[in-house]
file protein-v3.txt (compact mmCIF, C-alpha atoms (C1' of nucleotides))
# COMPACT_ATOMS: atom_id res chain seq x y z
CA MET M 1 247.76 106.62 100.68
CA THR M 2 248.71 103.04 99.99
CA VAL M 3 250.66 101.75 97.06
CA SER M 4 247.84 99.53 95.88
CA SER M 5 245.39 102.39 95.74
CA THR M 6 247.86 104.32 93.62
CA ARG M 7 248.04 101.45 91.18
CA SER M 8 244.35 100.82 90.78
CA ARG M 9 242.50 104.03 91.36
CA TYR M 10 241.36 106.13 88.47
CA SER M 11 241.49 109.85 88.67
CA ASN M 12 238.27 111.72 89.26
CA VAL M 13 239.29 115.12 88.03
CA ALA M 14 238.11 114.93 84.44
CA ALA M 15 236.00 118.03 84.42
CA SER M 16 233.96 117.16 81.37
CA ASP M 17 232.53 114.05 83.05
CA GLU M 18 229.93 116.27 84.63
CA THR M 19 228.47 117.27 81.32
CA SER M 20 229.24 113.96 79.54
CA ARG M 21 229.22 116.01 76.37
CA ALA M 22 231.74 115.26 73.67
CA ALA M 23 234.50 117.83 73.32
CA ARG M 24 237.85 118.14 71.63
CA GLY M 25 239.50 119.33 74.78
CA THR M 26 239.51 119.36 78.54
CA ILE M 27 241.35 120.89 81.44
CA PHE M 28 242.94 119.02 84.33
CA PRO M 29 243.63 121.09 87.43
CA VAL M 30 247.02 120.01 88.80
CA HIS M 31 249.49 120.88 91.54
CA ASP M 32 253.17 120.05 91.42
CA TYR M 33 253.01 118.81 87.87
CA ASP M 34 256.01 119.61 85.66
CA LEU M 35 254.75 118.43 82.29
CA ALA M 36 257.94 119.14 80.36
CA THR M 37 260.18 117.31 82.81
CA THR M 38 257.76 114.41 82.99
CA LEU M 39 257.57 113.97 79.22
CA THR M 40 261.35 114.26 78.70
CA SER M 41 262.58 112.26 81.68
CA GLY M 42 263.27 109.05 79.79
CA GLN M 43 260.15 107.11 80.73
CA VAL M 44 258.34 107.80 77.44
CA PHE M 45 259.67 108.54 73.96
CA ARG M 46 256.84 109.84 71.79
CA TRP M 47 256.24 113.47 72.82
CA GLU M 48 257.42 116.39 70.74
CA LEU M 49 257.49 120.05 71.68
CA ARG M 50 255.94 122.33 69.07
CA ASP M 51 255.00 125.92 69.70
CA ARG M 52 255.06 125.51 73.48
CA CYS M 53 252.75 122.49 73.26
CA TRP M 54 253.49 118.79 73.61
CA GLU M 55 252.15 116.64 70.79
CA GLY M 56 251.93 112.88 70.99
CA VAL M 57 249.82 109.79 70.50
CA ILE M 58 248.19 107.81 73.30
CA GLY M 59 246.67 104.57 72.09
CA GLN M 60 244.83 105.48 68.89
CA ARG M 61 244.45 109.17 69.73
CA TRP M 62 246.49 112.21 68.78
CA VAL M 63 246.87 114.51 71.80
CA ARG M 64 248.22 118.00 72.36
CA LEU M 65 249.07 119.07 75.90
CA ARG M 66 249.95 122.43 77.33
CA ALA M 67 250.99 123.33 80.85
CA ASP M 68 249.23 126.46 82.00
CA GLY M 69 249.92 127.38 85.60
CA ALA M 70 247.94 125.03 87.83
CA ALA M 71 246.37 123.19 84.92
CA ILE M 72 247.09 120.91 82.01
CA ILE M 73 245.10 121.81 78.92
CA ALA M 74 244.45 118.86 76.63
CA GLU M 75 243.30 118.85 73.03
CA THR M 76 242.34 115.92 70.79
CA ALA M 77 241.55 115.56 67.10
CA ASP M 78 238.22 113.80 67.61
CA PRO M 79 235.50 114.55 70.18
CA VAL M 80 235.85 112.76 73.50
CA THR M 81 233.18 112.17 76.15
CA ASP M 82 235.11 110.20 78.73
CA TRP M 83 238.57 111.54 79.58
CA ARG M 84 239.57 108.90 82.09
CA TRP M 85 242.07 107.35 79.65
CA LEU M 86 244.03 110.60 79.65
CA ALA M 87 243.66 111.27 83.37
CA ASP M 88 244.99 107.77 83.98
CA TYR M 89 247.88 108.19 81.54
CA LEU M 90 248.92 111.49 83.11
CA GLN M 91 248.22 110.26 86.66
CA VAL M 92 246.74 113.63 87.48
CA GLY M 93 244.86 112.16 90.45
CA ILE M 94 248.05 111.39 92.37
CA SER M 95 249.01 113.72 95.18
CA LEU M 96 252.70 114.27 94.54
CA GLY M 97 253.23 115.74 97.99
CA GLY M 98 252.06 112.49 99.52
CA VAL M 99 254.56 110.56 97.42
CA LEU M 100 257.51 112.87 98.10
CA ALA M 101 256.78 112.77 101.84
CA THR M 102 257.62 109.05 101.89
CA PHE M 103 261.11 109.57 100.44
CA PRO M 104 264.06 109.24 102.79
CA GLY M 105 265.29 112.61 104.07
CA ASP M 106 268.89 112.06 103.08
CA GLU M 107 270.83 114.71 101.22
CA PRO M 108 270.81 113.18 97.74
CA MET M 109 267.04 112.68 97.75
CA CYS M 110 266.44 116.18 99.05
CA ALA M 111 268.64 117.57 96.29
CA ALA M 112 266.89 115.47 93.66
CA VAL M 113 263.44 116.58 94.81
CA ALA M 114 264.55 120.21 94.93
CA ALA M 115 265.87 119.96 91.39
CA CYS M 116 263.10 117.90 89.82
CA ARG M 117 259.95 118.75 91.78
CA GLY M 118 256.88 118.20 89.63
CA LEU M 119 258.36 115.16 87.90
CA ARG M 120 255.65 112.51 87.65
CA LEU M 121 255.37 108.87 86.65
CA LEU M 122 252.99 108.21 83.76
CA ARG M 123 250.84 105.11 83.25
CA GLN M 124 251.68 103.82 79.79
CA ASP M 125 250.47 101.03 77.57
CA PRO M 126 252.38 97.86 78.50
CA TRP M 127 253.19 96.69 74.97
CA GLU M 128 254.43 100.09 73.80
CA CYS M 129 256.44 100.45 76.98
CA LEU M 130 257.95 96.98 76.69
CA ALA M 131 258.88 97.49 73.05
CA SER M 132 260.34 100.94 73.69
CA PHE M 133 262.58 99.69 76.46
CA ILE M 134 263.72 96.73 74.38
CA PHE M 135 265.23 99.45 72.18
CA SER M 136 266.77 101.17 75.16
CA SER M 137 269.71 98.87 75.77
CA THR M 138 272.91 100.85 75.18
CA LYS M 139 270.99 103.57 73.40
CA GLN M 140 270.73 107.23 74.29
CA ILE M 141 267.25 108.61 74.89
CA VAL M 142 267.40 110.70 71.71
CA GLN M 143 268.11 107.55 69.71
CA ILE M 144 265.33 105.58 71.36
CA ARG M 145 262.98 108.37 70.33
CA GLN M 146 264.19 108.09 66.76
CA ILE M 147 263.70 104.31 66.64
CA VAL M 148 260.19 104.55 68.08
CA ALA M 149 259.26 107.31 65.62
CA LEU M 150 260.48 105.29 62.65
CA LEU M 151 258.68 102.16 63.83
CA CYS M 152 255.40 104.05 64.22
CA GLU M 153 255.72 105.79 60.87
CA ARG M 154 256.40 102.59 59.01
CA PHE M 155 254.18 100.09 60.84
CA GLY M 156 251.63 102.05 62.88
CA LYS M 157 248.13 102.96 61.77
CA PRO M 158 247.58 106.64 60.97
CA VAL M 159 245.49 108.46 63.55
CA ALA M 160 243.27 111.47 63.03
CA VAL M 161 244.99 114.83 63.49
CA PRO M 162 243.60 118.38 63.38
CA ASP M 163 243.85 120.31 60.13
CA GLY M 164 247.31 121.60 59.46
CA CYS M 165 249.08 119.16 61.78
CA ARG M 166 251.63 116.69 60.54
CA PRO M 167 250.60 113.04 60.22
CA ALA M 168 250.66 110.94 63.38
CA PHE M 169 250.72 107.20 63.88
CA ALA M 170 249.70 104.77 66.57
CA PHE M 171 252.29 102.47 68.06
CA PRO M 172 252.12 99.30 65.93
CA ALA M 173 250.26 96.37 67.46
CA PRO M 174 252.24 93.23 68.32
CA GLN M 175 250.47 91.42 65.45
CA ARG M 176 251.93 93.87 62.97
CA VAL M 177 255.43 93.69 64.44
CA ALA M 178 255.31 89.89 64.55
CA ALA M 179 254.49 89.86 60.84
CA ALA M 180 257.37 92.14 59.89
CA ASP M 181 260.70 90.99 58.47
CA GLU M 182 263.70 91.38 60.69
CA SER M 183 265.35 93.44 57.94
CA GLU M 184 262.41 95.86 57.94
CA LEU M 185 262.76 96.29 61.67
CA ARG M 186 266.52 96.77 61.45
CA ALA M 187 265.84 99.51 58.93
CA CYS M 188 264.26 101.42 61.83
CA LYS M 189 267.80 101.60 63.25
CA MET M 190 267.19 99.22 66.14
CA GLY M 191 270.14 97.03 65.17
CA PHE M 192 270.61 93.87 67.20
CA ARG M 193 267.41 94.58 69.12
CA ALA M 194 265.28 93.74 66.06
CA PRO M 195 265.07 89.98 66.66
CA ASN M 196 264.26 90.64 70.31
CA LEU M 197 261.40 92.96 69.42
CA ARG M 198 259.96 90.48 66.96
CA ALA M 199 260.29 87.62 69.44
CA ALA M 200 258.52 89.71 72.06
CA ALA M 201 255.70 90.48 69.64
CA ARG M 202 255.35 86.79 68.78
CA LYS M 203 255.20 85.71 72.41
CA ILE M 204 252.38 88.17 72.98
CA VAL M 205 250.48 87.19 69.84
CA ASP M 206 250.84 83.51 70.75
CA GLY M 207 249.60 84.17 74.26
CA GLU M 208 252.87 82.84 75.63
CA VAL M 209 253.22 86.10 77.51
CA ASP M 210 250.01 87.72 78.76
CA LEU M 211 250.59 91.40 79.46
CA GLY M 212 247.06 91.86 80.77
CA ARG M 213 247.50 89.25 83.46
CA LEU M 214 250.57 90.96 84.91
CA ALA M 215 248.58 93.85 86.30
CA THR M 216 247.24 91.82 89.20
CA ALA M 217 250.30 89.61 89.78
CA PRO M 218 252.80 90.07 92.61
CA THR M 219 255.83 92.12 91.57
CA GLY M 220 258.25 89.22 91.52
CA ALA M 221 255.99 87.00 89.42
CA ALA M 222 255.25 89.81 86.99
CA ARG M 223 258.97 90.52 86.67
CA ASP M 224 259.78 86.87 86.00
CA GLU M 225 257.10 86.77 83.33
CA LEU M 226 258.54 89.82 81.55
CA MET M 227 262.06 88.42 81.77
CA ARG M 228 260.99 85.41 79.73
CA VAL M 229 261.01 87.75 76.74
CA PRO M 230 264.34 87.72 74.88
CA GLY M 231 266.21 90.97 75.37
CA VAL M 232 264.39 91.70 78.61
CA GLY M 233 266.47 91.43 81.78
CA ARG M 234 265.97 92.81 85.26
CA LYS M 235 266.38 96.46 84.30
CA ILE M 236 264.00 96.57 81.35
CA ALA M 237 261.47 94.43 83.21
CA ASP M 238 261.53 96.91 86.09
CA CYS M 239 260.98 99.81 83.69
CA VAL M 240 257.85 98.17 82.33
CA LEU M 241 256.61 97.24 85.80
CA LEU M 242 257.02 100.84 86.94
CA PHE M 243 256.06 102.89 83.88
CA ALA M 244 253.23 100.73 82.50
CA TYR M 245 251.77 98.99 85.55
CA GLY M 246 252.68 101.27 88.42
CA PHE M 247 254.47 98.68 90.55
CA GLN M 248 256.00 101.14 92.98
CA ASP M 249 258.54 98.64 94.29
CA ALA M 250 260.12 98.25 90.85
CA PHE M 251 263.46 100.06 90.87
CA PRO M 252 265.23 100.02 87.49
CA VAL M 253 268.99 100.35 87.92
CA ASP M 254 270.57 101.63 84.74
CA VAL M 255 273.97 103.25 84.25
CA TRP M 256 272.76 106.61 85.60
CA VAL M 257 271.03 105.24 88.67
CA MET M 258 274.07 103.05 89.24
CA LYS M 259 276.29 106.14 89.15
CA ALA M 260 273.95 107.97 91.52
CA LEU M 261 273.77 105.11 94.02
CA GLN M 262 277.52 104.60 93.94
CA HIS M 263 278.34 108.29 94.17
CA PHE M 264 275.83 109.31 96.83
CA TYR M 265 275.42 106.23 98.99
CA PHE M 266 278.59 104.17 98.57
CA PRO M 267 281.40 106.60 97.75
CA ARG M 268 284.90 105.14 97.29
CA ARG M 269 283.96 101.50 97.24
CA ARG M 270 282.40 99.63 94.40
CA VAL M 271 279.24 97.74 95.28
CA ALA M 272 277.84 94.89 93.20
CA LEU M 273 274.54 95.42 91.40
CA GLN M 274 272.75 92.76 93.39
CA ARG M 275 273.75 94.39 96.65
CA LEU M 276 272.66 97.79 95.39
CA GLN M 277 269.25 96.37 94.51
CA LYS M 278 268.92 95.00 98.01
CA PHE M 279 269.76 98.44 99.36
CA THR M 280 267.17 100.17 97.17
CA ALA M 281 264.46 97.76 98.26
CA SER M 282 264.82 98.81 101.88
CA HIS M 283 266.06 102.39 101.73
CA PHE M 284 263.65 104.31 99.51
CA GLY M 285 260.28 103.44 101.03
CA PRO M 286 256.92 102.45 99.55
CA TYR M 287 257.38 104.68 96.50
CA ALA M 288 260.90 103.49 95.71
CA GLY M 289 260.17 103.44 92.00
CA TYR M 290 259.17 107.07 92.12
CA ALA M 291 262.32 107.92 94.07
CA GLN M 292 264.31 106.10 91.41
CA GLN M 293 262.93 108.39 88.70
CA TYR M 294 263.98 111.43 90.68
CA LEU M 295 267.47 110.01 91.16
CA PHE M 296 267.70 109.12 87.48
CA HIS M 297 266.71 112.53 86.23
CA TYR M 298 268.81 114.30 88.82
CA ALA M 299 271.92 112.28 88.01
CA ARG M 300 271.48 112.60 84.27
CA VAL M 301 270.43 116.23 83.89
CA HIS M 302 271.47 118.13 86.99
CA ALA M 303 274.36 116.42 88.74
CA LYS M 304 275.98 115.25 85.49
CA LEU M 305 277.80 112.48 87.32
CA LYS M 306 280.94 111.20 85.73
CA VAL M 307 281.72 107.57 85.06
C1' DT A 1 288.53 110.68 67.29
C1' DA A 2 287.40 108.01 71.12
C1' DC A 3 284.08 107.02 74.19
C1' DC A 4 279.52 106.09 75.55
C1' DA A 5 274.54 105.15 75.48
C1' DG A 6 267.90 104.07 80.75
C1' DG A 7 271.47 96.11 78.73
C1' DA A 8 271.21 91.38 77.84
C1' DG A 9 273.18 87.10 77.33
C1' DA A 10 276.72 83.90 76.05
C1' DG A 11 281.25 82.23 77.11
C1' DC A 12 284.91 81.92 80.00
C1' DG A 13 288.02 80.72 84.16
C1' DC V 1 279.49 82.46 90.48
C1' DG V 2 281.72 86.92 88.58
C1' DC V 3 284.05 88.81 84.86
C1' DT V 4 284.49 90.02 79.80
C1' DC V 5 283.00 90.36 75.23
C1' DT V 6 279.74 91.18 71.58
C1' DC V 7 275.77 92.96 69.55
C1' DA V 8 274.32 98.10 65.96
C1' DT V 9 274.28 102.70 65.60
C1' DG V 10 274.69 107.49 66.41
C1' DG V 11 275.46 111.43 69.84
C1' DT V 12 278.73 114.24 72.24
call {"tool": "encode", "arguments": {"input": "protein-v3.txt", "output": "structure tokens"}}
result
Amino acid sequence: MTVSSTRSRYSNVAASDETSRAARGTIFPVHDYDLATTLTSGQVFRWELRDRCWEGVIGQRWVRLRADGAAIIAETADPVTDWRWLADYLQVGISLGGVLATFPGDEPMCAAVAACRGLRLLRQDPWECLASFIFSSTKQIVQIRQIVALLCERFGKPVAVPDGCRPAFAFPAPQRVAAADESELRACKMGFRAPNLRAAARKIVDGEVDLGRLATAPTGAARDELMRVPGVGRKIADCVLLFAYGFQDAFPVDVWVMKALQHFYFPRRRVALQRLQKFTASHFGPYAGYAQQYLFHYARVHAKLKV
DNA sequence: TACCAGGAGAGCG
DNA sequence: CGCTCTCATGGT
């Protein structure tokens, strides 16, 4: 399996395609899919666990997901005929075994895979992903979740939910964010990131940054484009490239990945960030970005590496 | 309480 | 260049 096919191919497992009848739910057969780990691994910030189900909003749709053995059971508020949007988001068509087989066989990666097997990369909306990671700088994941929730509540359009469920909101469009006051945004607890978010929204509304065009650009060009947004440096750009576009050679190096790389690959000598990035580009193979997510989650949750 | 958080960017020597 | 400081806010 090539990297490009992973980026462009849609899944073909949406069972209800065969009937093309509208339904409020579907079932995706999956192998090696740890839904809970995937939704809490710091790549997305909108999913909440309620009564053993994961509730969230994708685009303009409320969604409830439940892991059930070798399947993911999905439920929506409104009838759906074509489930490709959800299959694509969840990346259920990817063979995880094929991805893991490309990882280097060194001890840290083996330990990370053993600890986090079933962890997947999602395919998120670029604007929501970009905005979310603008909030991420020197914020803990729990705080990023809080900022995103407040922003959606206050600026996002309400979406339909089933009877008895709490209100849900879409992620606000860039037009809405661009029109907001900085003080309103700061009130969502994003602090000094507020002007950056608004500037990002304005660049997108003005067409100065075209998120749609990035999908087909080479990695380096797409990264440079994202880094023209204030508040977006190499790390955040790589997060968006990986989590929203599926550029598998994007390798975000945050504090946790930095700790993991230092601890596991360069013990007892400090290596500069730029040199570490050069190492990651050659060491982790064609799915380096995927390997990065395993390292990140392993370092943060399992290994609990110290500073 | 003190330290730190999925950083970025300006200012300095 | 490479280092340090600041930015805002809350968790642990």
call {"tool": "residues_around", "arguments": {"input": "protein-v3.txt", "residues": "Leu150 of chain M", "least_positions_apart": "3", "cutoff": "9 Å", "atoms": "all atoms listed in the file", "output": "list in words"}}
result
Arg145, Gln146, Ile147, Glu153, Arg154, Phe155, Ala187, Cys188 and Lys189 of chain M
call {"tool": "closest_atom_pairs", "arguments": {"input": "protein-v3.txt", "of": "chain M", "to": "chain A", "cutoff": "6 Å", "atoms": "all atoms listed in the file", "output": "Markdown table"}}
result
| residue | atom | partner | partner_atom | distance |
| --- | --- | --- | --- | --- |
| M:Ser137 | CA | A:DG7 | C1' | 4.4 |
| M:Thr138 | CA | A:DA5 | C1' | 4.6 |
| M:Lys139 | CA | A:DA5 | C1' | 4.4 |
| M:Gln140 | CA | A:DA5 | C1' | 4.5 |
| M:Gly231 | CA | A:DA8 | C1' | 5.6 |
| M:Asp254 | CA | A:DG6 | C1' | 5.4 |
call {"tool": "closest_residue", "arguments": {"input": "protein-v3.txt", "among": "M:Cys165, M:Cys152, M:Val209, M:Ile144", "to": "chain V", "atoms": "all atoms listed in the file"}}
result
M:Ile144
call {"tool": "interface_residues", "arguments": {"input": "protein-v3.txt", "of": "chain V", "to": "chain M", "cutoff": "12 Å", "atoms": "all atoms listed in the file", "output": "PyMOL selection string"}}
result
chain V and resi 2+6-12
call {"tool": "residues_near_point", "arguments": {"input": "protein-v3.txt", "point": "(254.2, 108.8, 106.7)", "cutoff": "10 Å", "atoms": "all atoms listed in the file", "output": "mmCIF file with C-alpha atoms, in the frame of the given file"}}
result
data_model
loop_
_atom_site.group_PDB
_atom_site.id
_atom_site.type_symbol
_atom_site.label_atom_id
_atom_site.label_comp_id
_atom_site.auth_asym_id
_atom_site.auth_seq_id
_atom_site.Cartn_x
_atom_site.Cartn_y
_atom_site.Cartn_z
ATOM 1 C CA MET M 1 247.760 106.620 100.680
ATOM 2 C CA GLY M 98 252.060 112.490 99.520
ATOM 3 C CA VAL M 99 254.560 110.560 97.420
ATOM 4 C CA ALA M 101 256.780 112.770 101.840
ATOM 5 C CA THR M 102 257.620 109.050 101.890
ATOM 6 C CA PHE M 103 261.110 109.570 100.440
ATOM 7 C CA GLY M 285 260.280 103.440 101.030
ATOM 8 C CA PRO M 286 256.920 102.450 99.550
#
call {"tool": "atom_distance", "arguments": {"input": "protein-v3.txt", "atom1": "atom CA of Gly93 of chain M", "atom2": "atom CA of Gly212 of chain M"}}
result
22.6 Å
call {"tool": "atom_distance", "arguments": {"input": "protein-v3.txt", "atom1": "atom CA of Glu225 of chain M", "atom2": "atom CA of Gln175 of chain M"}}
result
19.6 Å
call {"tool": "atom_distance", "arguments": {"input": "protein-v3.txt", "atom1": "atom C1' of DC3 of chain V", "atom2": "atom CA of Met258 of chain M"}}
result
17.9 Å
call {"tool": "axis_aligned_box", "arguments": {"input": "protein-v3.txt", "around": "segment 146-159 of chain M", "padding_each_side": "4 Å", "output": "JSON"}}
result
{"center_x": 254.8, "center_y": 104.3, "center_z": 63.5, "size_x": 26.7, "size_y": 16.4, "size_z": 17.1}
call {"tool": "residues_around", "arguments": {"input": "protein-v3.txt", "residues": "Leu96 of chain M", "least_positions_apart": "3", "cutoff": "10 Å", "atoms": "only C-alpha atoms (C1' of nucleotides)", "output": "PyMOL selection string"}}
result
chain M and resi 30-33+91-93+99-101+117-121+290
call {"tool": "residues_around", "arguments": {"input": "protein-v3.txt", "residues": "Tyr294 of chain M", "least_positions_apart": "6", "cutoff": "8 Å", "atoms": "all atoms listed in the file", "output": "number ranges by chain"}}
result
M: 109, 112-113, 116, 119
call {"tool": "decode", "arguments": {"input": "protein-v3.txt", "residues": "segment 166-178 of chain M", "atoms": "N, CA, C and O atoms", "output": "JSON list (two decimals), in the first residue's frame"}}
result
[["chain", "number", "residue", "atom", "x", "y", "z"],
["M", 166, "ARG", "N", -28.23, 16.34, 24.92],
["M", 166, "ARG", "CA", -27.93, 17.75, 25.15],
["M", 166, "ARG", "C", -27.59, 18.43, 23.83],
["M", 166, "ARG", "O", -27.19, 17.78, 22.88],
["M", 167, "PRO", "N", -27.77, 19.75, 23.80],
["M", 167, "PRO", "CA", -27.53, 20.49, 22.56],
["M", 167, "PRO", "C", -26.11, 20.29, 22.05],
["M", 167, "PRO", "O", -25.18, 20.14, 22.84],
["M", 168, "ALA", "N", -25.95, 20.31, 20.73],
["M", 168, "ALA", "CA", -24.63, 20.17, 20.12],
["M", 168, "ALA", "C", -24.46, 21.25, 19.07],
["M", 168, "ALA", "O", -25.44, 21.74, 18.50],
["M", 169, "PHE", "N", -23.21, 21.60, 18.81],
["M", 169, "PHE", "CA", -22.94, 22.72, 17.91],
["M", 169, "PHE", "C", -21.84, 22.36, 16.93],
["M", 169, "PHE", "O", -20.89, 21.66, 17.28],
["M", 170, "ALA", "N", -22.00, 22.88, 15.72],
["M", 170, "ALA", "CA", -20.95, 22.70, 14.72],
["M", 170, "ALA", "C", -19.75, 23.57, 15.08],
["M", 170, "ALA", "O", -19.89, 24.54, 15.83],
["M", 171, "PHE", "N", -18.59, 23.22, 14.57],
["M", 171, "PHE", "CA", -17.45, 24.10, 14.72],
["M", 171, "PHE", "C", -17.71, 25.36, 13.90],
["M", 171, "PHE", "O", -18.11, 25.25, 12.74],
["M", 172, "PRO", "N", -17.52, 26.54, 14.48],
["M", 172, "PRO", "CA", -17.87, 27.77, 13.76],
["M", 172, "PRO", "C", -17.03, 27.97, 12.49],
["M", 172, "PRO", "O", -15.83, 27.73, 12.50],
["M", 173, "ALA", "N", -17.71, 28.42, 11.45],
["M", 173, "ALA", "CA", -17.03, 28.66, 10.17],
["M", 173, "ALA", "C", -16.05, 29.81, 10.32],
["M", 173, "ALA", "O", -16.19, 30.66, 11.20],
["M", 174, "PRO", "N", -15.03, 29.85, 9.47],
["M", 174, "PRO", "CA", -14.05, 30.96, 9.53],
["M", 174, "PRO", "C", -14.71, 32.33, 9.39],
["M", 174, "PRO", "O", -14.26, 33.29, 10.03],
["M", 175, "GLN", "N", -15.79, 32.42, 8.61],
["M", 175, "GLN", "CA", -16.49, 33.70, 8.46],
["M", 175, "GLN", "C", -17.00, 34.19, 9.81],
["M", 175, "GLN", "O", -16.92, 35.38, 10.11],
["M", 176, "ARG", "N", -17.52, 33.29, 10.60],
["M", 176, "ARG", "CA", -18.07, 33.68, 11.90],
["M", 176, "ARG", "C", -16.95, 34.08, 12.86],
["M", 176, "ARG", "O", -17.09, 35.04, 13.61],
["M", 177, "VAL", "N", -15.85, 33.35, 12.84],
["M", 177, "VAL", "CA", -14.73, 33.68, 13.72],
["M", 177, "VAL", "C", -14.10, 35.01, 13.32],
["M", 177, "VAL", "O", -13.75, 35.83, 14.16],
["M", 178, "ALA", "N", -14.01, 35.22, 12.00],
["M", 178, "ALA", "CA", -13.40, 36.47, 11.52],
["M", 178, "ALA", "C", -14.22, 37.68, 11.94],
["M", 178, "ALA", "O", -13.69, 38.78, 12.10]]
